[in-house]
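Here is the structure we will look at, set down as structure tokens.
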Amino acid sequence: MKERRSLQAIKVRVIELLSAPECDVRRSNWDSADEALREVNRVCTPEALAFLFAPTNSLQEVSLASGWANEFLQLGAEADALVEAINK
């Protein structure tokens, strides 16, 4: 299913961003980037992936502190649209 492949691509991009040396998790609920990566890697449903992009979620805090807030918004919008398409 094309939508699922696209959601996988979003997940891969989030993992890339969290793996970057400049990733700053200090304002999030995560104690380290490794903890954030473990949580993202455990995501196995489209809805769980979309939930990562919820406002004030830890991923948003990391995106703000790490300089990729605009990409966070774009990825979140794509994830939401894909989840909606899957659930139709």
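Naming scheme: A, B, ... for chains in displayed order of the structure tokens; residues 1 onward per chain; ligands 1 onward as shown.
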
Contacts of Ala77 in chain A at 12 Å (only C-alpha atoms; same-chain gap of 6+ positions) as a list in words: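 Selected residues are Leu7, Ile10, Leu49, Ala50, Phe51, Leu52, Phe53, Ala54, Pro55, Asn70, Glu71, Val83 and Glu84 of chain A.
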
Which of chain A fall in helix (DSSP H, G or I), as a PyMOL selection string: chain A and resi 2-19+33-42+46-51+58-66+69-86

Distance criterion (only C-alpha atoms): nearest to Val25 in chain A out of A:Val40, A:Ser63, A:Thr45, A:Ala9: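 For Val25 in chain A, the nearest of the candidates is A:Ser63.
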
Between CA of Ile86 in chain A and CA of Ser19 in chain A, distance in Å (one decimal):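 Taking CA of Ile86 in chain A and CA of Ser19 in chain A, their separation equals 28.3 Å.
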
Point-to-point distance from CA of Ser28 in chain A to CA of Lys11 in chain A, Å rounded to tenths: 18.4 Å

Selected residue, from A:Arg26, A:Val14, A:Ser58, A:Arg42, that lies nearest to Phe72 in chain A when counting only C-alpha atoms: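 Looking at the shortest contact to Phe72 in chain A, the residue is A:Val14.
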
For Trp68 in chain A, the nearest of the candidates A:Ala33, A:Ala85, A:Ala48, A:Cys23, counting only C-alpha atoms: A:Cys23

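The spacing separating CA of Gln74 in chain A from CA of Asp31 in chain A amounts to 25.3 Å.
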